[in-house]
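Next up, final.cif (mmCIF, C-alpha atoms and all ligand atoms):
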data_run
#
loop_
_atom_site.label_atom_id
_atom_site.label_comp_id
_atom_site.auth_asym_id
_atom_site.auth_seq_id
_atom_site.Cartn_x
_atom_site.Cartn_y
_atom_site.Cartn_z
CA MET A 1 -16.26 35.03 -15.62
CA THR A 2 -14.04 32.14 -16.68
CA LYS A 3 -15.61 29.42 -18.80
CA LEU A 4 -14.57 25.78 -18.66
CA ILE A 5 -14.89 23.32 -21.54
CA ILE A 6 -14.19 19.68 -20.74
CA GLY A 7 -13.88 16.99 -23.39
CA ASN A 8 -14.82 13.57 -22.05
CA TRP A 9 -13.31 11.07 -24.49
CA LYS A 10 -14.90 8.12 -22.67
CA MET A 11 -13.34 4.81 -23.86
CA ASN A 12 -11.89 6.41 -27.02
CA PRO A 13 -9.78 6.53 -29.14
CA GLU A 14 -8.10 3.19 -29.76
CA THR A 15 -4.45 4.22 -29.98
CA ILE A 16 -2.15 6.82 -28.46
CA GLU A 17 -1.36 8.13 -31.97
CA GLN A 18 -5.05 8.86 -32.49
CA ALA A 19 -5.21 10.47 -29.05
CA ARG A 20 -2.35 12.80 -29.94
CA GLY A 21 -4.09 13.55 -33.24
CA ILE A 22 -7.13 14.81 -31.33
CA LEU A 23 -5.24 16.81 -28.74
CA LEU A 24 -2.53 18.47 -30.82
CA PRO A 25 -4.71 20.67 -33.08
CA ILE A 26 -6.46 22.04 -29.98
CA GLU A 27 -3.19 22.51 -28.13
CA HIS A 28 -1.77 24.49 -31.08
CA LYS A 29 -4.72 26.88 -31.16
CA MET A 30 -5.04 27.48 -27.42
CA HIS A 31 -3.10 30.75 -27.55
CA LEU A 32 -6.12 32.21 -29.38
CA VAL A 33 -8.52 31.68 -26.48
CA GLN A 34 -6.54 31.50 -23.29
CA GLU A 35 -7.89 34.42 -21.32
CA ASN A 36 -11.27 33.77 -19.68
CA LEU A 37 -11.37 30.15 -20.69
CA GLU A 38 -9.90 26.82 -19.66
CA VAL A 39 -9.98 23.69 -21.80
CA CYS A 40 -9.57 20.24 -20.33
CA VAL A 41 -9.56 16.81 -21.97
CA CYS A 42 -10.25 13.60 -20.09
CA PRO A 43 -8.73 10.70 -22.02
CA PRO A 44 -8.81 7.07 -20.89
CA ALA A 45 -6.42 6.69 -17.91
CA VAL A 46 -3.79 4.78 -19.93
CA PHE A 47 -3.26 7.81 -22.18
CA LEU A 48 -2.71 10.29 -19.35
CA ALA A 49 1.02 9.60 -19.00
CA PRO A 50 1.94 9.93 -22.69
CA LEU A 51 -0.39 12.90 -23.26
CA ASN A 52 1.14 14.69 -20.34
CA HIS A 53 4.06 15.49 -22.64
CA THR A 54 1.76 16.79 -25.39
CA SER A 55 -0.60 18.96 -23.37
CA HIS A 56 0.71 22.26 -22.08
CA ASN A 57 -2.16 24.68 -22.52
CA VAL A 58 -4.91 22.10 -22.50
CA VAL A 59 -5.39 20.75 -18.99
CA LEU A 60 -5.77 17.02 -18.36
CA GLY A 61 -8.61 15.39 -16.45
CA ALA A 62 -9.51 11.85 -15.45
CA GLN A 63 -12.77 9.98 -15.93
CA ASN A 64 -12.64 8.09 -12.65
CA VAL A 65 -10.68 7.68 -9.42
CA SER A 66 -10.65 5.36 -6.42
CA TRP A 67 -11.98 6.48 -3.05
CA LEU A 68 -8.90 4.93 -1.40
CA ASP A 69 -5.35 6.25 -1.15
CA GLY A 70 -3.95 2.99 -2.54
CA GLY A 71 -3.81 -0.73 -1.76
CA PRO A 72 -5.81 -3.81 -2.69
CA LEU A 73 -8.49 -2.58 -5.11
CA THR A 74 -8.04 -4.31 -8.47
CA GLY A 75 -8.42 -2.11 -11.52
CA GLU A 76 -8.64 1.21 -9.71
CA VAL A 77 -6.40 4.28 -9.94
CA SER A 78 -5.72 6.59 -6.99
CA GLY A 79 -5.83 10.37 -6.89
CA SER A 80 -2.12 10.67 -6.12
CA GLN A 81 -1.31 8.42 -9.09
CA LEU A 82 -3.35 10.74 -11.30
CA LYS A 83 -1.58 13.79 -9.93
CA GLN A 84 1.78 12.57 -11.25
CA TRP A 85 0.49 13.23 -14.76
CA LYS A 86 -0.63 16.75 -13.92
CA VAL A 87 -4.27 15.83 -13.85
CA LYS A 88 -6.41 18.70 -12.54
CA TYR A 89 -10.04 17.59 -12.86
CA VAL A 90 -11.80 14.28 -12.19
CA ILE A 91 -15.27 13.58 -13.60
CA LEU A 92 -17.48 11.93 -10.99
CA GLY A 93 -21.07 10.73 -11.05
CA HIS A 94 -21.30 10.54 -14.83
CA SER A 95 -24.53 8.82 -15.85
CA GLU A 96 -22.65 6.03 -17.66
CA ARG A 97 -20.88 5.08 -14.44
CA ARG A 98 -24.07 5.40 -12.41
CA ILE A 99 -26.17 3.35 -14.85
CA TYR A 100 -23.83 0.79 -16.45
CA LEU A 101 -21.19 0.37 -13.74
CA GLY A 102 -23.44 0.51 -10.72
CA GLU A 103 -21.79 3.52 -9.11
CA THR A 104 -23.95 4.49 -6.15
CA GLU A 105 -24.48 7.86 -4.52
CA GLU A 106 -22.47 6.54 -1.55
CA MET A 107 -19.48 5.68 -3.78
CA ILE A 108 -19.66 9.04 -5.54
CA SER A 109 -19.73 10.87 -2.23
CA LYS A 110 -16.64 8.94 -1.03
CA LYS A 111 -14.83 9.70 -4.28
CA ILE A 112 -15.56 13.42 -3.99
CA VAL A 113 -14.05 13.46 -0.49
CA GLN A 114 -10.96 11.62 -1.78
CA VAL A 115 -10.54 13.88 -4.82
CA LEU A 116 -10.66 16.98 -2.62
CA LYS A 117 -8.22 15.41 -0.18
CA THR A 118 -5.79 14.83 -3.07
CA ARG A 119 -6.27 18.46 -4.15
CA LEU A 120 -7.81 17.59 -7.48
CA VAL A 121 -11.01 19.26 -8.67
CA PRO A 122 -14.15 17.08 -8.78
CA VAL A 123 -16.49 17.66 -11.70
CA VAL A 124 -19.70 16.29 -10.26
CA CYS A 125 -22.39 15.30 -12.76
CA LEU A 126 -26.03 15.59 -11.70
CA GLY A 127 -29.02 14.33 -13.66
CA GLY A 128 -27.83 10.89 -14.72
CA ASP A 129 -30.27 8.13 -13.88
CA LYS A 130 -31.93 5.29 -15.78
CA ALA A 131 -35.33 6.71 -14.93
CA ALA A 132 -34.47 10.37 -15.59
CA LYS A 133 -37.46 12.08 -17.22
CA LYS A 134 -37.29 15.46 -18.89
CA ASP A 135 -40.03 17.06 -16.81
CA GLU A 136 -38.86 15.56 -13.51
CA MET A 137 -35.24 16.61 -13.40
CA LYS A 138 -35.33 18.99 -10.45
CA PRO A 139 -36.12 16.38 -7.75
CA LEU A 140 -33.49 14.02 -9.19
CA VAL A 141 -30.82 16.70 -9.36
CA THR A 142 -31.72 17.85 -5.84
CA ARG A 143 -31.39 14.31 -4.45
CA GLN A 144 -28.08 13.64 -6.20
CA PHE A 145 -26.76 17.04 -5.12
CA HIS A 146 -27.47 16.43 -1.43
CA ALA A 147 -26.01 12.92 -1.61
CA ALA A 148 -22.86 14.29 -3.25
CA ILE A 149 -22.18 16.99 -0.66
CA LYS A 150 -23.36 15.23 2.47
CA ASN A 151 -19.85 14.75 3.93
CA LEU A 152 -18.44 18.12 2.94
CA ASP A 153 -18.09 21.46 4.65
CA ARG A 154 -18.72 24.81 2.98
CA LYS A 155 -15.13 25.34 1.90
CA GLN A 156 -14.97 21.90 0.28
CA ILE A 157 -18.25 22.42 -1.57
CA GLU A 158 -16.90 25.63 -3.06
CA LYS A 159 -14.08 23.71 -4.73
CA ILE A 160 -16.43 21.56 -6.80
CA VAL A 161 -17.39 22.11 -10.43
CA PHE A 162 -20.90 20.83 -11.11
CA ALA A 163 -22.33 19.68 -14.43
CA TYR A 164 -25.98 19.25 -15.29
CA GLU A 165 -25.87 16.05 -17.31
CA PRO A 166 -29.34 14.69 -18.18
CA THR A 167 -29.16 11.08 -19.43
CA TRP A 168 -31.87 11.62 -22.01
CA ALA A 169 -29.83 14.36 -23.73
CA ILE A 170 -26.68 12.28 -24.34
CA SER A 171 -26.08 11.47 -27.99
CA THR A 172 -25.27 7.80 -27.47
CA VAL A 173 -28.37 7.04 -25.40
CA LYS A 174 -31.16 5.33 -27.38
CA ASN A 175 -33.95 7.75 -28.34
CA SER A 176 -32.00 10.65 -26.90
CA GLU A 177 -33.62 14.07 -27.06
CA HIS A 178 -32.29 17.54 -27.42
CA ALA A 179 -32.26 19.72 -24.30
CA SER A 180 -32.99 23.33 -25.12
CA GLY A 181 -30.71 26.10 -23.91
CA GLU A 182 -33.63 27.35 -21.82
CA HIS A 183 -33.95 23.95 -20.10
CA ALA A 184 -30.18 23.74 -19.45
CA ARG A 185 -30.25 27.25 -18.02
CA GLU A 186 -33.22 26.47 -15.76
CA LEU A 187 -31.51 23.42 -14.24
CA ILE A 188 -28.20 25.23 -13.90
CA LEU A 189 -29.99 28.00 -12.00
CA HIS A 190 -31.59 25.30 -9.86
CA ILE A 191 -28.14 23.90 -8.98
CA GLN A 192 -26.96 27.43 -8.26
CA GLU A 193 -29.89 27.89 -5.88
CA LEU A 194 -29.07 24.61 -4.10
CA LEU A 195 -25.50 25.85 -3.78
CA SER A 196 -26.66 29.21 -2.42
CA HIS A 197 -28.20 27.44 0.57
CA GLU A 198 -24.85 25.78 1.30
CA VAL A 199 -22.27 28.47 0.56
CA GLY A 200 -24.25 31.71 0.24
CA GLU A 201 -25.51 33.43 -2.87
CA ALA A 202 -22.38 35.39 -3.79
CA ARG A 203 -20.09 32.39 -3.53
CA ALA A 204 -22.53 30.14 -5.40
CA LYS A 205 -22.55 32.63 -8.28
CA ASN A 206 -18.77 32.32 -8.54
CA MET A 207 -18.83 28.54 -8.86
CA LEU A 208 -18.74 26.89 -12.26
CA ILE A 209 -21.79 24.93 -13.39
CA LEU A 210 -21.48 23.31 -16.82
CA TYR A 211 -23.99 21.83 -19.20
CA GLY A 212 -23.25 18.15 -19.90
CA GLY A 213 -25.84 16.97 -22.42
CA THR A 214 -24.81 16.86 -26.08
CA VAL A 215 -22.98 20.00 -27.17
CA ASN A 216 -21.40 20.24 -30.61
CA LYS A 217 -20.70 22.81 -33.32
CA ASN A 218 -24.31 22.68 -34.54
CA ASN A 219 -26.02 23.44 -31.24
CA VAL A 220 -23.40 25.27 -29.18
CA HIS A 221 -24.99 28.70 -29.87
CA GLU A 222 -28.08 27.57 -28.07
CA TYR A 223 -26.10 27.25 -24.82
CA THR A 224 -23.59 30.07 -25.14
CA LYS A 225 -26.37 32.64 -25.34
CA TYR A 226 -27.09 32.08 -21.63
CA PRO A 227 -24.31 33.56 -19.49
CA GLU A 228 -25.41 31.36 -16.56
CA ILE A 229 -24.06 28.31 -18.46
CA ASP A 230 -20.41 28.38 -17.46
CA GLY A 231 -19.19 25.88 -20.02
CA ALA A 232 -19.74 22.39 -21.33
CA LEU A 233 -18.90 18.78 -20.64
CA VAL A 234 -18.61 17.52 -24.20
CA GLY A 235 -18.70 13.84 -25.19
CA ALA A 236 -18.69 12.71 -28.84
CA ALA A 237 -17.79 16.11 -30.32
CA SER A 238 -14.61 16.25 -28.23
CA LEU A 239 -13.17 13.39 -30.33
CA ASP A 240 -13.29 15.55 -33.45
CA PRO A 241 -10.77 18.39 -33.08
CA GLY A 242 -12.60 20.61 -35.60
CA ASP A 243 -15.95 20.18 -33.89
CA PHE A 244 -14.48 20.55 -30.39
CA TRP A 245 -12.58 23.68 -31.40
CA GLU A 246 -15.79 25.31 -32.60
CA VAL A 247 -17.41 24.60 -29.24
CA VAL A 248 -14.38 26.02 -27.40
CA HIS A 249 -14.19 29.06 -29.63
CA GLU A 250 -17.89 29.85 -29.35
CA PHE A 251 -17.74 29.83 -25.55
CA TYR A 252 -14.64 32.02 -25.74
CA ARG A 253 -16.38 34.51 -28.06
CA GLU A 254 -19.34 34.77 -25.67
CA SER A 255 -17.09 35.11 -22.63
CA ILE A 256 -15.27 38.13 -24.00
CA HIS A 257 -18.56 39.80 -24.87
CA SER A 258 -20.28 39.18 -21.55
P1 LIG B 1 -22.36 13.51 -25.82
O1 LIG B 1 -22.07 13.04 -24.31
O2 LIG B 1 -21.74 14.87 -25.97
O3 LIG B 1 -21.72 12.47 -26.67
O4 LIG B 1 -23.83 13.54 -25.97
C1 LIG B 1 -22.27 13.93 -23.27
C2 LIG B 1 -22.03 13.25 -21.94
O5 LIG B 1 -21.88 12.04 -21.85
O6 LIG B 1 -21.97 13.98 -20.92
#

Take the structure in the file and give it back as structure tokens.
Amino acid sequence: MTKLIIGNWKMNPETIEQARGILLPIEHKMHLVQENLEVCVCPPAVFLAPLNHTSHNVVLGAQNVSWLDGGPLTGEVSGSQLKQWKVKYVILGHSERRIYLGETEEMISKKIVQVLKTRLVPVVCLGGDKAAKKDEMKPLVTRQFHAAIKNLDRKQIEKIVFAYEPTWAISTVKNSEHASGEHARELILHIQELLSHEVGEARAKNMLILYGGTVNKNNVHEYTKYPEIDGALVGAASLDPGDFWEVVHEFYRESIHS
């Protein structure tokens, strides 16, 4: 099955030259891994237009979108504006937006509807919450999952990529902890089970569910050994082309062996 690796650059880097410097080495090596695997980078929105000319084999994604088609909403970017720069994926429900920017489940649900309407692919993060505790992730993920899909029909749900993204396993969070591959797998299987109830078991198995806690060259093996983990949503390591490439390549290696 295809794997998907998404680099979430967050509010980095500072300049477009630096952004090109991160993307180009990956772009140049993509011919080595293209079958079975897709790589996407999500730069800050201002870099999407210039990077559109640099990225051919690496797909572009956005870190946010408005729930409206256009109009009076200061600071927001619409789905159709993103589409002009060949954006394919949009990250929604990331814990940083939920926790620091006050994005509610209602807003996330409206954004998912809008992203699907614009024919972009929502990457919906589950597990981000100020109070997220390691041993209580299933109820949180279940609640966020149902809130995310509440206005969707089966066909729409099938178009979503989900990511299990526990706040406590993000490198930049104070006192962050490592999530084991076994834990990531367990929660990914839980999301798959939730999906089975909505779209049926066979279809749920064909949907991509990524792991979104810290993944880098030092720990990637821990996650690639579980075939149920369909890829990664990578933060800090995606800003270092060497580190990111090792993550990409490791998922590729596993995908051709599975
Ligand atoms: P990290 O971020 O890879 O820097 O830990 C992951 C995330 O925010 O999803």

Which is closer to A:Gly128 than all the others in A:Gln156, A:Lys174, A:Gly212, A:Asn52, using all atoms listed in the file? A:Gly212

Mind checking which residues fall within 12 Å of A:Gly75, counting all atoms listed in the file, ignoring those fewer than 4 positions away in the same chain, and posting them as number ranges by chain? A: 45-46, 64-66, 70-71

List as a ChimeraX atom specification the protein and nucleic acid residues lying within 10 Å of ligand LIG 1 (chain B), with only C-alpha atoms and all ligand atoms counted. /A:6-10,91,94-96,125,128,163-173,176-178,211-216,232-239

Skipping near chain neighbours, those fewer than 5 positions away, what residues fall within 8 Å of A:Glu250 using only C-alpha atoms, listed as a short mmCIF file (atom, residue, chain, number, x, y, z; two decimals) with C-alpha atoms, in the coordinates of the input?
data_model
loop_
_atom_site.label_atom_id
_atom_site.label_comp_id
_atom_site.auth_asym_id
_atom_site.auth_seq_id
_atom_site.Cartn_x
_atom_site.Cartn_y
_atom_site.Cartn_z
CA VAL A 220 -23.40 25.27 -29.18
CA HIS A 221 -24.99 28.70 -29.87
CA THR A 224 -23.59 30.07 -25.14
#

Proximity to A:Leu32 - best of A:Gly231, A:Tyr252, A:His257, A:Gln81, only C-alpha atoms: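 Ranking A:Gly231, A:Tyr252, A:His257, A:Gln81 by distance to A:Leu32, first place goes to A:Tyr252.
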
Atom CA of A:Leu68 and atom CA of A:Glu105 are how many Å apart?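 Interatomic distance, atom CA of A:Leu68 to atom CA of A:Glu105: 16.2 Å.
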
Which one of A:Cys40, A:Ala49, A:Val33, A:Ile99 sits closest to A:Ile16 if you count only C-alpha atoms? A:Ala49

Atom CA of A:Glu14 to atom CA of A:Tyr100: how many Å, to one decimal? 20.7 Å

Quick one: residues within 12 Å of (-23.5, 34.3, -10.1) (file frame), counting all atoms listed in the file, please, as a CSV table (one decimal) with C-alpha atoms, in the frame of the given file.
chain,number,residue,atom,x,y,z
A,1,MET,CA,-16.3,35.0,-15.6
A,2,THR,CA,-14.0,32.1,-16.7
A,188,ILE,CA,-28.2,25.2,-13.9
A,189,LEU,CA,-30.0,28.0,-12.0
A,191,ILE,CA,-28.1,23.9,-9.0
A,192,GLN,CA,-27.0,27.4,-8.3
A,193,GLU,CA,-29.9,27.9,-5.9
A,195,LEU,CA,-25.5,25.8,-3.8
A,196,SER,CA,-26.7,29.2,-2.4
A,200,GLY,CA,-24.2,31.7,0.2
A,201,GLU,CA,-25.5,33.4,-2.9
A,202,ALA,CA,-22.4,35.4,-3.8
A,203,ARG,CA,-20.1,32.4,-3.5
A,204,ALA,CA,-22.5,30.1,-5.4
A,205,LYS,CA,-22.6,32.6,-8.3
A,206,ASN,CA,-18.8,32.3,-8.5
A,207,MET,CA,-18.8,28.5,-8.9
A,208,LEU,CA,-18.7,26.9,-12.3
A,209,ILE,CA,-21.8,24.9,-13.4
A,227,PRO,CA,-24.3,33.6,-19.5
A,228,GLU,CA,-25.4,31.4,-16.6
A,229,ILE,CA,-24.1,28.3,-18.5
A,230,ASP,CA,-20.4,28.4,-17.5

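Distances here use only C-alpha atoms; by that measure, the residue among A:Pro43, A:Ile149, A:Asn218, A:Ser109 closest to A:Met11 is A:Pro43.
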
Determine, counting all atoms listed in the file, which protein, DNA and RNA residues have an atom within 10 Å of an atom of A:Lys117; residues of the same chain fewer than 4 positions away are not included. Present the result as a list in words.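 Answer for this query is Asp69, Gly79, Ser80, Lys111, Ile112, Val113, Val121 and Gln156 of chain A.
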
Give me a file of those residues, with C-alpha atoms, as a short mmCIF file (atom, residue, chain, number, x, y, z; two decimals), keeping the file's coordinate frame.
data_model
loop_
_atom_site.label_atom_id
_atom_site.label_comp_id
_atom_site.auth_asym_id
_atom_site.auth_seq_id
_atom_site.Cartn_x
_atom_site.Cartn_y
_atom_site.Cartn_z
CA ASP A 69 -5.35 6.25 -1.15
CA GLY A 79 -5.83 10.37 -6.89
CA SER A 80 -2.12 10.67 -6.12
CA LYS A 111 -14.83 9.70 -4.28
CA ILE A 112 -15.56 13.42 -3.99
CA VAL A 113 -14.05 13.46 -0.49
CA VAL A 121 -11.01 19.26 -8.67
CA GLN A 156 -14.97 21.90 0.28
#

To box stretch 178-191 of chain A, take all atoms listed in the file, fit an axis-aligned box, add 5 Å on each side, and give centre and edge lengths in Å to one decimal, as JSON.
{"center_x": -31.0, "center_y": 22.8, "center_z": -18.2, "size_x": 15.8, "size_y": 20.5, "size_z": 28.4}

Using all atoms listed in the file, which residue out of A:Thr104, A:Thr118, A:Leu187, A:Lys159 lies closest to A:Glu136?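 Nearest candidate to A:Glu136 out of A:Thr104, A:Thr118, A:Leu187, A:Lys159: A:Leu187.
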
Using Å and a single decimal, report how far atom CA of A:Pro72 sits from atom CA of A:Val123.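 If I compute the distance from atom CA of A:Val123 to atom CA of A:Pro72, I get 25.6 Å.
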
Quick one: of A:Cys42, A:Leu92, A:Leu37, A:Ile22, who's nearest to A:Val115, counting all atoms listed in the file?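 Residue with the minimum atom-to-atom distance to A:Val115: A:Leu92.
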